Amino acid sequence: MEHLHNNHNHNHEHINSENEKKTLIVIIFTLITMIAEIFFGIISNSMALLADGCHMGTHAFALTIAFLAYVFIEKIQDCKNCEIVSEKISAFAGYTSSLFLLLTAFWIIYESFDRIFHPLKISFNEAIFVAIIGLIVNFVCIFIMEFGNKHENEDYNFKAAYFHILTDALTSILAIVALIAGKYFGLFFLDYVMGFVGGALILRWSVGLIKDTSKILLDVKMLK
């Protein structure tokens, strides 16, 4: 029995180590893309692109929390009841990142609402180009995190980081749709409409994550 327990702990530590490496790689990709999208979002006056860049910024922050959680878990891997403590740390990391994601959702919705009354000219070519690059980076990050993923391990920290990337890919698609519609069909209003849609998606996802991680932190397993 002790041998099986040791093997389980070793397997758990190996999975954490692999997820930690994946998270660090994705952080680097995310930060580079975030800087590009925010910069070009500002100079091109695209709310959709700026919102996507800021959204990616929250992901970079959340991924950093996830990475630091793995580092801390590795430091205490020999502690008593380590598996329980690790689960709590993972849940707390996800809970913290979801709070920042919630604030970002409100900011995006507010900025999109402001653009209704104070519209700005959009440089569509630059904005579309950078948005497509951002989407490609998202797909690369999804592949990195999905490759070799051990689904039998309930890693809430990794799950939170993974869904951050998925959500960002969705907002990137919304930004591209809005920019193309504005450039070729004159549907300029879709830029801030997609900002609303993206903000709503982030809001819904963040609330869901808060609920899920709260169950772990409060030891409420069957709360609906």
# chains A, B, ... in the order shown; residues from 1 in each chain; ligands from 1
$ residues_around --residues "stretch 129-134 of chain A" --least-positions-apart "2" --cutoff "10 Å" --atoms "only C-alpha atoms" --output "compact mmCIF listing (two decimals) with N, CA and C atoms, in the first residue's frame"
# COMPACT_ATOMS: atom_id res chain seq x y z
N PHE A 29 5.08 33.18 -24.75
CA PHE A 29 4.31 33.46 -25.96
C PHE A 29 3.23 34.51 -25.70
N THR A 30 2.55 34.37 -24.58
CA THR A 30 1.43 35.27 -24.25
C THR A 30 1.90 36.70 -24.03
N ILE A 32 4.58 38.24 -25.22
CA ILE A 32 5.00 38.85 -26.48
C ILE A 32 3.79 39.31 -27.29
N THR A 33 2.80 38.43 -27.39
CA THR A 33 1.59 38.76 -28.15
C THR A 33 0.79 39.87 -27.49
N MET A 34 0.72 39.84 -26.16
CA MET A 34 0.00 40.87 -25.41
C MET A 34 0.55 42.26 -25.71
N ALA A 36 2.26 43.26 -28.30
CA ALA A 36 2.00 43.64 -29.69
C ALA A 36 0.56 44.08 -29.89
N GLU A 37 -0.40 43.33 -29.31
CA GLU A 37 -1.81 43.66 -29.50
C GLU A 37 -2.20 44.96 -28.84
N ILE A 38 -1.70 45.20 -27.63
CA ILE A 38 -2.02 46.46 -26.95
C ILE A 38 -1.42 47.65 -27.69
N PHE A 39 -0.18 47.50 -28.13
CA PHE A 39 0.50 48.59 -28.86
C PHE A 39 -0.24 48.94 -30.15
N PHE A 40 -0.53 47.91 -30.96
CA PHE A 40 -1.20 48.17 -32.23
C PHE A 40 -2.68 48.49 -32.03
N GLY A 41 -3.26 48.04 -30.93
CA GLY A 41 -4.64 48.40 -30.63
C GLY A 41 -4.76 49.88 -30.35
N ALA A 48 -11.66 46.34 -30.26
CA ALA A 48 -11.66 44.89 -30.25
C ALA A 48 -10.25 44.34 -30.05
N LEU A 49 -9.28 44.94 -30.76
CA LEU A 49 -7.90 44.49 -30.65
C LEU A 49 -7.32 44.86 -29.30
N LEU A 50 -7.63 46.07 -28.81
CA LEU A 50 -7.14 46.51 -27.51
C LEU A 50 -7.72 45.63 -26.40
N ASP A 52 -8.72 42.56 -26.74
CA ASP A 52 -8.09 41.25 -26.85
C ASP A 52 -6.70 41.26 -26.23
N GLY A 53 -5.96 42.37 -26.44
CA GLY A 53 -4.63 42.48 -25.86
C GLY A 53 -4.67 42.55 -24.34
N MET A 56 -5.55 39.24 -23.02
CA MET A 56 -4.37 38.38 -23.01
C MET A 56 -3.44 38.76 -21.86
N PHE A 124 -7.56 49.40 -40.04
CA PHE A 124 -7.96 48.00 -40.13
C PHE A 124 -6.83 47.06 -40.53
N ASN A 125 -6.00 47.45 -41.48
CA ASN A 125 -4.96 46.54 -41.96
C ASN A 125 -4.01 46.10 -40.85
N GLU A 126 -3.53 47.09 -40.09
CA GLU A 126 -2.61 46.77 -39.00
C GLU A 126 -3.30 45.94 -37.92
N ALA A 127 -4.52 46.32 -37.60
CA ALA A 127 -5.25 45.64 -36.53
C ALA A 127 -5.55 44.19 -36.89
N ILE A 136 -3.04 32.89 -33.94
CA ILE A 136 -2.10 31.81 -34.22
C ILE A 136 -1.33 31.43 -32.96
N VAL A 137 -0.90 32.45 -32.21
CA VAL A 137 -0.18 32.20 -30.96
C VAL A 137 -1.08 31.44 -29.98
N ASN A 138 -2.36 31.80 -29.93
CA ASN A 138 -3.29 31.09 -29.06
C ASN A 138 -3.39 29.62 -29.42
N PHE A 139 -3.46 29.33 -30.71
CA PHE A 139 -3.55 27.93 -31.14
C PHE A 139 -2.27 27.17 -30.79
N VAL A 140 -1.13 27.84 -30.93
CA VAL A 140 0.14 27.21 -30.56
C VAL A 140 0.16 26.89 -29.07
N ASP A 168 -9.17 33.21 -24.55
CA ASP A 168 -8.47 34.24 -25.31
C ASP A 168 -8.56 33.96 -26.80
N ALA A 169 -8.51 32.69 -27.18
CA ALA A 169 -8.65 32.33 -28.59
C ALA A 169 -10.02 32.76 -29.12
N THR A 171 -11.90 35.29 -27.98
CA THR A 171 -11.95 36.75 -28.12
C THR A 171 -11.12 37.22 -29.31
N SER A 172 -10.05 36.48 -29.63
CA SER A 172 -9.25 36.82 -30.81
C SER A 172 -10.09 36.65 -32.07
N ILE A 173 -10.86 35.57 -32.12
CA ILE A 173 -11.74 35.33 -33.27
C ILE A 173 -12.77 36.45 -33.39
N LEU A 174 -13.34 36.86 -32.26
CA LEU A 174 -14.33 37.94 -32.27
C LEU A 174 -13.71 39.24 -32.79
N ALA A 175 -12.47 39.52 -32.38
CA ALA A 175 -11.79 40.73 -32.83
C ALA A 175 -11.58 40.71 -34.34
N ILE A 176 -11.16 39.56 -34.86
CA ILE A 176 -10.92 39.42 -36.30
C ILE A 176 -12.21 39.60 -37.09
N VAL A 177 -13.28 38.99 -36.62
CA VAL A 177 -14.59 39.11 -37.28
C VAL A 177 -15.03 40.58 -37.33
N LEU A 179 -13.17 43.32 -37.12
CA LEU A 179 -12.29 44.14 -37.96
C LEU A 179 -12.55 43.90 -39.44
$ residues_around --residues "A:Val207" --least-positions-apart "2" --cutoff "12 Å" --atoms "only C-alpha atoms" --output "compact mmCIF listing (two decimals) with N, CA and C atoms, in the first residue's frame"
# COMPACT_ATOMS: atom_id res chain seq x y z
N GLY A 94 -6.25 29.53 -9.01
CA GLY A 94 -7.32 29.72 -9.97
C GLY A 94 -8.32 30.77 -9.51
N TYR A 95 -8.63 30.76 -8.23
CA TYR A 95 -9.57 31.73 -7.66
C TYR A 95 -9.03 33.16 -7.79
N THR A 96 -7.75 33.34 -7.48
CA THR A 96 -7.14 34.67 -7.55
C THR A 96 -7.13 35.21 -8.98
N SER A 97 -6.75 34.35 -9.94
CA SER A 97 -6.70 34.79 -11.33
C SER A 97 -8.09 35.13 -11.85
N SER A 98 -9.10 34.42 -11.36
CA SER A 98 -10.47 34.68 -11.82
C SER A 98 -10.98 36.04 -11.34
N LEU A 99 -10.51 36.50 -10.19
CA LEU A 99 -10.91 37.81 -9.69
C LEU A 99 -10.38 38.93 -10.59
N PHE A 100 -9.14 38.81 -11.01
CA PHE A 100 -8.56 39.79 -11.92
C PHE A 100 -9.23 39.72 -13.29
N LEU A 101 -9.60 38.52 -13.69
CA LEU A 101 -10.31 38.35 -14.95
C LEU A 101 -11.67 39.03 -14.89
N LEU A 102 -12.31 38.96 -13.74
CA LEU A 102 -13.61 39.60 -13.53
C LEU A 102 -13.51 41.11 -13.69
N LEU A 103 -12.48 41.71 -13.09
CA LEU A 103 -12.27 43.15 -13.19
C LEU A 103 -12.00 43.57 -14.63
N ALA A 105 -13.09 42.08 -17.32
CA ALA A 105 -14.35 41.98 -18.06
C ALA A 105 -15.16 43.26 -17.91
N ALA A 200 -18.55 39.96 -22.05
CA ALA A 200 -19.56 39.08 -21.46
C ALA A 200 -19.03 37.66 -21.31
N LEU A 201 -18.28 37.18 -22.32
CA LEU A 201 -17.71 35.84 -22.25
C LEU A 201 -16.71 35.73 -21.10
N ILE A 202 -15.87 36.76 -20.97
CA ILE A 202 -14.88 36.77 -19.89
C ILE A 202 -15.58 36.81 -18.54
N LEU A 203 -16.63 37.61 -18.45
CA LEU A 203 -17.40 37.74 -17.21
C LEU A 203 -18.01 36.40 -16.80
N ARG A 204 -18.65 35.74 -17.77
CA ARG A 204 -19.28 34.45 -17.49
C ARG A 204 -18.25 33.41 -17.08
N TRP A 205 -17.13 33.37 -17.80
CA TRP A 205 -16.09 32.39 -17.49
C TRP A 205 -15.50 32.63 -16.11
N LEU A 209 -15.43 30.14 -12.84
CA LEU A 209 -14.20 29.69 -12.19
C LEU A 209 -14.21 30.03 -10.70
N ILE A 210 -14.75 31.18 -10.35
CA ILE A 210 -14.85 31.55 -8.94
C ILE A 210 -15.69 30.53 -8.18
N LYS A 211 -16.80 30.13 -8.78
CA LYS A 211 -17.67 29.14 -8.14
C LYS A 211 -16.96 27.80 -7.98
N ASP A 212 -16.29 27.34 -9.06
CA ASP A 212 -15.63 26.03 -9.02
C ASP A 212 -14.50 25.98 -8.00
N THR A 213 -13.66 27.02 -7.99
CA THR A 213 -12.54 27.02 -7.06
C THR A 213 -12.99 27.25 -5.63
N SER A 214 -14.10 27.98 -5.46
CA SER A 214 -14.63 28.21 -4.11
C SER A 214 -15.06 26.90 -3.47
$ atom_distance --atom1 "atom CA of A:Leu170" --atom2 "atom CA of A:Leu217"
28.6 Å
$ atom_distance --atom1 "atom CA of A:Ser206" --atom2 "atom CA of A:Phe163"
10.1 Å
$ atom_distance --atom1 "atom CA of A:Ile28" --atom2 "atom CA of A:Thr104"
20.7 Å
$ closest_residue --among "A:Ala66, A:Met194, A:Ile89, A:Cys54" --to "A:Arg115" --atoms "only C-alpha atoms"
A:Met194
$ closest_residue --among "A:Thr64, A:Ser86, A:Ser112, A:Asn157" --to "A:Leu190" --atoms "only C-alpha atoms"
A:Ser112
$ residues_around --residues "A:Gly199" --least-positions-apart "6" --cutoff "7 Å" --atoms "only C-alpha atoms" --output "list in words"
Ala105, Phe106, Ile108 and Ile109 of chain A
$ select_by_dssp --residues "stretch 61-135 of chain A" --states "alpha helix (DSSP H)" --output "PyMOL selection string"
chain A and resi 61-75+82-117+124-135
